[in-house]
Amino acid sequence: MPASFDTFGLSPPLLRAIKSRGYEIPTPIQKDAIPLILDGKDVLGCAQTGTGKTAAFALPAIEQLLDEETNRHHKLSVLVLSPTRELAVQINDCFEDYSKHTNVRQTVIHGGVGANPQIQRIRRGMDIVVATPGRLLDLHGQNHIDLSTVQLLVIDEADMMLDMGFIDDVSKIVHLVSNRQQTLLFSATLPEEIQTIASDWLSTPTTINVVPDAIPIHLINQSVFYVENINKDLLLIQYLFAKPRARTLVFVRTKQDAERVARNINHAKLEALPLHGNKSQGRRRKALEAFKSEQAPILVATDVAARGLDIDNISHVINYALPEYPEIYIHRVGRTGRAGSKGEAISLCASHERYYLQQIEKLAGISIDVREWNYDDFGNLLQLERAMSRKKGKRAEKPENTETAEENESGGNTWVRDGRGKKKKKKKNKRKRQSKVITMDDITPSRDTDKYAPRKRTLD
Ligand code: AMP
């Protein structure tokens, strides 16, 4: 097995780019996949983001283009399909960086933004296109993109494509790129549907599996609270208040949960933003930027929106809901504790989720500490009470309809105009702090339902 990138036979421009990214040793998936892909083999890779899989397919893809550089005229040769816009952009950024010392051209096309700039770039001639399926089919349907020249097709995050209902679009694209020589399919999990798809679309593929042991799960402090859905928001907010944190990623099950939970956290005067597939491209980008810059240090996200995003320095991962697939848990908590640092992951587990917890412990070979939730378990709740009562106080203090109020910046007094327009000073009402314990009236609870009864799933 090669211990360095030099042994793959990659061209000097690629080795320079690898060096400038600071990669010294290939990751396990890179060790396995790069030689196979350079050899022209089809590959079925069971690997998640964080394992280095983008470089595992991007480096040999660019290398193959360099080999035939003289008789190539920036015809589309490599097509990468990605389920989300963010992932597509991230993959394209990697291609751009790895090929920066070559004359290979790449671009990204995805929905949620105007199509014209994308059409213009395709017209200029691109060797590599990273695309989300819907926009690609639109542009193909309008004759803006020729897929008949594609030699290498990469389908990334295939299980997410399936979950998001994109698999029919992907299937159409697979048939449109019928002149291809090679197909690579990557998936975080390999359920039966994905294996069937792989056997239809790939030709005698080599399977590479690098999922569980690539993530140093033992480095992460993990614990679980047994709490029913109805109390999860309250516990979450208390936990967020009590814990000194850097960036915190909260995983929820649905888009509605992401909105509601983020709203409740904001009500408690903590900065949180939701991230899910229903948000416009601009809002998703802004949410990510705010999270990365720690303006909003709490991101409440669905798996689909958060998966694959390469965000460093996450100190806490909170599983507001436990995932159905134990591999996803490992992937979620693997976002903290990166680069050898100790991260912390907590899970809020309702009684209907205990089965998922058992499956996680079985797969990871660990026993997750159970923590008791007592109402004032997290120390002083005063801060939370204050924040909540400030919010309520503000609403109650709106100026009355006959008078307009202006805040005096220097003294904090309020000037009001009387009925004849004369300014008079009004003594500021001393706001009484309501000494109040947070109740469920303050927080919109999640639905407490047994609708999500666990579906049994075999680990194969
Ligand atoms: P990926 O799974 O492709 O999203 O990669 C996850 C992270 O690992 C990215 O930040 C990559 O830049 C980084 N990475 C990929 N390959 C290597 C490597 N061989 N050595 C160090 N970091 C790597």
# chains A, B, ... in the order shown; residues from 1 in each chain; ligands from 1
call {"tool": "residues_around", "arguments": {"residues": "stretch 270-282 of chain A", "least_positions_apart": "6", "cutoff": "10 Å", "atoms": "only C-alpha atoms", "output": "ChimeraX atom specification"}}
result
/A:84-86,110-113,164,237,240-241,248-252,254-264,288,290-291,294-306,384,387
call {"tool": "residues_near_ligand", "arguments": {"ligand": "ligand 1", "cutoff": "7 Å", "atoms": "only C-alpha atoms and all ligand atoms", "output": "ChimeraX atom specification"}}
result
/A:22-27,48-55,308,310
call {"tool": "select_by_dssp", "arguments": {"residues": "stretch 127-306 of chain A", "states": "alpha helix (DSSP H)", "output": "PyMOL selection string"}}
result
chain A and resi 133-141+158-163+167-176+192-201+229-242+255-267+281-292+303-306
call {"tool": "closest_residue", "arguments": {"among": "A:Pro35, A:Thr204, A:Leu176, A:Ser199", "to": "A:Gly141", "atoms": "only C-alpha atoms"}}
result
A:Leu176
call {"tool": "select_by_dssp", "arguments": {"residues": "stretch 103-189 of chain A", "states": "strand (DSSP E or B)", "output": "number ranges by chain"}}
result
A: 106-109, 128-131, 152-155, 182-187
call {"tool": "closest_residue", "arguments": {"among": "A:His74, A:Arg180, A:Arg135, A:Lys243", "to": "A:Ser148", "atoms": "only C-alpha atoms"}}
result
A:Arg180
call {"tool": "atom_distance", "arguments": {"atom1": "atom CA of A:Asn313", "atom2": "atom CA of A:Asn209"}}
result
26.5 Å
call {"tool": "residues_around", "arguments": {"residues": "A:Asp163", "least_positions_apart": "4", "cutoff": "10 Å", "atoms": "only C-alpha atoms", "output": "list in words"}}
result
Pro83, Ala158, Asp159, Ile167 and Val304 of chain A
call {"tool": "write_last_selection", "arguments": {"atoms": "all heavy atoms", "output": "mmCIF file, in the first residue's frame"}}
result
data_model
loop_
_atom_site.group_PDB
_atom_site.id
_atom_site.type_symbol
_atom_site.label_atom_id
_atom_site.label_comp_id
_atom_site.auth_asym_id
_atom_site.auth_seq_id
_atom_site.Cartn_x
_atom_site.Cartn_y
_atom_site.Cartn_z
ATOM 1 N N PRO A 83 -26.098 15.509 -4.553
ATOM 2 C CA PRO A 83 -27.504 15.748 -4.198
ATOM 3 C C PRO A 83 -27.817 17.182 -3.786
ATOM 4 O O PRO A 83 -28.926 17.659 -3.998
ATOM 5 C CB PRO A 83 -27.750 14.807 -3.018
ATOM 6 C CG PRO A 83 -26.404 14.498 -2.456
ATOM 7 C CD PRO A 83 -25.425 14.628 -3.584
ATOM 8 N N ALA A 158 -24.959 8.626 -3.019
ATOM 9 C CA ALA A 158 -26.091 7.988 -3.711
ATOM 10 C C ALA A 158 -27.264 7.732 -2.760
ATOM 11 O O ALA A 158 -28.425 7.882 -3.159
ATOM 12 C CB ALA A 158 -25.633 6.674 -4.338
ATOM 13 N N ASP A 159 -26.981 7.372 -1.513
ATOM 14 C CA ASP A 159 -28.109 7.109 -0.603
ATOM 15 C C ASP A 159 -28.885 8.383 -0.298
ATOM 16 O O ASP A 159 -30.100 8.357 -0.097
ATOM 17 C CB ASP A 159 -27.652 6.395 0.680
ATOM 18 C CG ASP A 159 -26.563 7.138 1.428
ATOM 19 O OD1 ASP A 159 -25.958 8.061 0.855
ATOM 20 O OD2 ASP A 159 -26.310 6.775 2.592
ATOM 21 N N ILE A 167 -33.474 9.943 -7.277
ATOM 22 C CA ILE A 167 -32.848 8.815 -7.954
ATOM 23 C C ILE A 167 -33.386 8.634 -9.385
ATOM 24 O O ILE A 167 -32.661 8.190 -10.269
ATOM 25 C CB ILE A 167 -32.939 7.537 -7.082
ATOM 26 C CG1 ILE A 167 -31.703 6.663 -7.277
ATOM 27 C CG2 ILE A 167 -34.222 6.771 -7.264
ATOM 28 C CD1 ILE A 167 -30.461 7.173 -6.660
ATOM 29 N N VAL A 304 -29.678 15.887 5.670
ATOM 30 C CA VAL A 304 -29.507 16.100 4.236
ATOM 31 C C VAL A 304 -28.782 17.411 3.968
ATOM 32 O O VAL A 304 -27.868 17.482 3.153
ATOM 33 C CB VAL A 304 -30.890 16.058 3.555
ATOM 34 C CG1 VAL A 304 -30.855 16.672 2.188
ATOM 35 C CG2 VAL A 304 -31.373 14.627 3.483
#
call {"tool": "residues_around", "arguments": {"residues": "A:Lys19", "least_positions_apart": "5", "cutoff": "10 Å", "atoms": "only C-alpha atoms", "output": "PyMOL selection string"}}
result
chain A and resi 5+13-14+24+98
call {"tool": "closest_residue", "arguments": {"among": "A:Ser4, A:Arg253, A:Leu59, A:Ser77", "to": "A:Ser99", "atoms": "only C-alpha atoms"}}
result
A:Leu59
call {"tool": "closest_residue", "arguments": {"among": "A:Ile217, A:Val227, A:Ile173, A:Leu15", "to": "A:His352", "atoms": "only C-alpha atoms"}}
result
A:Val227
call {"tool": "atom_distance", "arguments": {"atom1": "atom CA of A:Ser187", "atom2": "atom CA of A:Ala88"}}
result
15.0 Å
call {"tool": "atom_distance", "arguments": {"atom1": "atom CA of A:Leu184", "atom2": "atom CA of A:Ile360"}}
result
28.3 Å
call {"tool": "decode", "arguments": {"residues": "stretch 270-292 of chain A", "atoms": "N, CA, C and O atoms", "output": "short mmCIF file (atom, residue, chain, number, x, y, z; two decimals), in the first residue's frame"}}
result
data_model
loop_
_atom_site.label_atom_id
_atom_site.label_comp_id
_atom_site.auth_asym_id
_atom_site.auth_seq_id
_atom_site.Cartn_x
_atom_site.Cartn_y
_atom_site.Cartn_z
N LEU A 270 -30.29 33.13 22.24
CA LEU A 270 -29.04 32.54 21.74
C LEU A 270 -29.13 32.60 20.23
O LEU A 270 -30.22 32.53 19.66
N GLU A 271 -27.97 32.74 19.57
CA GLU A 271 -27.98 32.91 18.12
C GLU A 271 -27.96 31.55 17.42
O GLU A 271 -26.97 30.84 17.48
N ALA A 272 -29.06 31.22 16.78
CA ALA A 272 -29.12 29.95 16.06
C ALA A 272 -29.75 30.18 14.70
O ALA A 272 -30.59 31.06 14.53
N LEU A 273 -29.34 29.39 13.72
CA LEU A 273 -29.94 29.48 12.39
C LEU A 273 -30.34 28.09 11.92
O LEU A 273 -29.62 27.12 12.19
N PRO A 274 -31.47 27.99 11.23
CA PRO A 274 -31.84 26.68 10.68
C PRO A 274 -31.19 26.45 9.32
O PRO A 274 -30.95 27.41 8.59
N LEU A 275 -30.91 25.21 9.00
CA LEU A 275 -30.36 24.87 7.67
C LEU A 275 -31.09 23.63 7.17
O LEU A 275 -31.02 22.58 7.80
N HIS A 276 -31.81 23.78 6.09
CA HIS A 276 -32.50 22.62 5.51
C HIS A 276 -32.77 22.87 4.03
O HIS A 276 -32.55 23.98 3.53
N GLY A 277 -33.23 21.83 3.38
CA GLY A 277 -33.35 21.86 1.93
C GLY A 277 -34.39 22.83 1.39
O GLY A 277 -34.36 23.14 0.20
N ASN A 278 -35.32 23.33 2.22
CA ASN A 278 -36.34 24.25 1.71
C ASN A 278 -35.86 25.69 1.65
O ASN A 278 -36.56 26.56 1.18
N LYS A 279 -34.68 25.94 2.19
CA LYS A 279 -34.16 27.31 2.20
C LYS A 279 -33.60 27.65 0.82
O LYS A 279 -33.08 26.78 0.13
N SER A 280 -33.68 28.92 0.48
CA SER A 280 -33.11 29.31 -0.82
C SER A 280 -31.59 29.16 -0.75
O SER A 280 -31.02 29.12 0.35
N GLN A 281 -30.99 29.11 -1.91
CA GLN A 281 -29.53 28.96 -1.97
C GLN A 281 -28.83 30.06 -1.19
O GLN A 281 -27.91 29.82 -0.42
N GLY A 282 -29.31 31.31 -1.38
CA GLY A 282 -28.68 32.45 -0.72
C GLY A 282 -28.75 32.32 0.79
O GLY A 282 -27.79 32.57 1.49
N ARG A 283 -29.91 31.91 1.30
CA ARG A 283 -30.08 31.80 2.75
C ARG A 283 -29.23 30.69 3.32
O ARG A 283 -28.69 30.79 4.42
N ARG A 284 -29.11 29.60 2.56
CA ARG A 284 -28.29 28.48 3.04
C ARG A 284 -26.83 28.92 3.12
O ARG A 284 -26.12 28.62 4.08
N ARG A 285 -26.41 29.66 2.09
CA ARG A 285 -25.01 30.11 2.07
C ARG A 285 -24.76 31.06 3.25
O ARG A 285 -23.79 30.94 3.97
N LYS A 286 -25.74 31.97 3.47
CA LYS A 286 -25.58 32.93 4.56
C LYS A 286 -25.54 32.22 5.91
O LYS A 286 -24.76 32.57 6.78
N ALA A 287 -26.42 31.23 6.07
CA ALA A 287 -26.46 30.49 7.35
C ALA A 287 -25.10 29.82 7.58
O ALA A 287 -24.56 29.87 8.69
N LEU A 288 -24.55 29.25 6.53
CA LEU A 288 -23.25 28.57 6.70
C LEU A 288 -22.14 29.55 7.01
O LEU A 288 -21.30 29.30 7.87
N GLU A 289 -22.19 30.70 6.32
CA GLU A 289 -21.15 31.71 6.58
C GLU A 289 -21.25 32.20 8.02
O GLU A 289 -20.25 32.34 8.72
N ALA A 290 -22.49 32.46 8.47
CA ALA A 290 -22.68 32.95 9.85
C ALA A 290 -22.19 31.91 10.84
O ALA A 290 -21.59 32.24 11.87
N PHE A 291 -22.42 30.65 10.53
CA PHE A 291 -21.98 29.58 11.44
C PHE A 291 -20.45 29.50 11.45
O PHE A 291 -19.82 29.43 12.50
N LYS A 292 -19.87 29.54 10.26
CA LYS A 292 -18.41 29.42 10.18
C LYS A 292 -17.73 30.59 10.88
O LYS A 292 -16.68 30.43 11.49
#
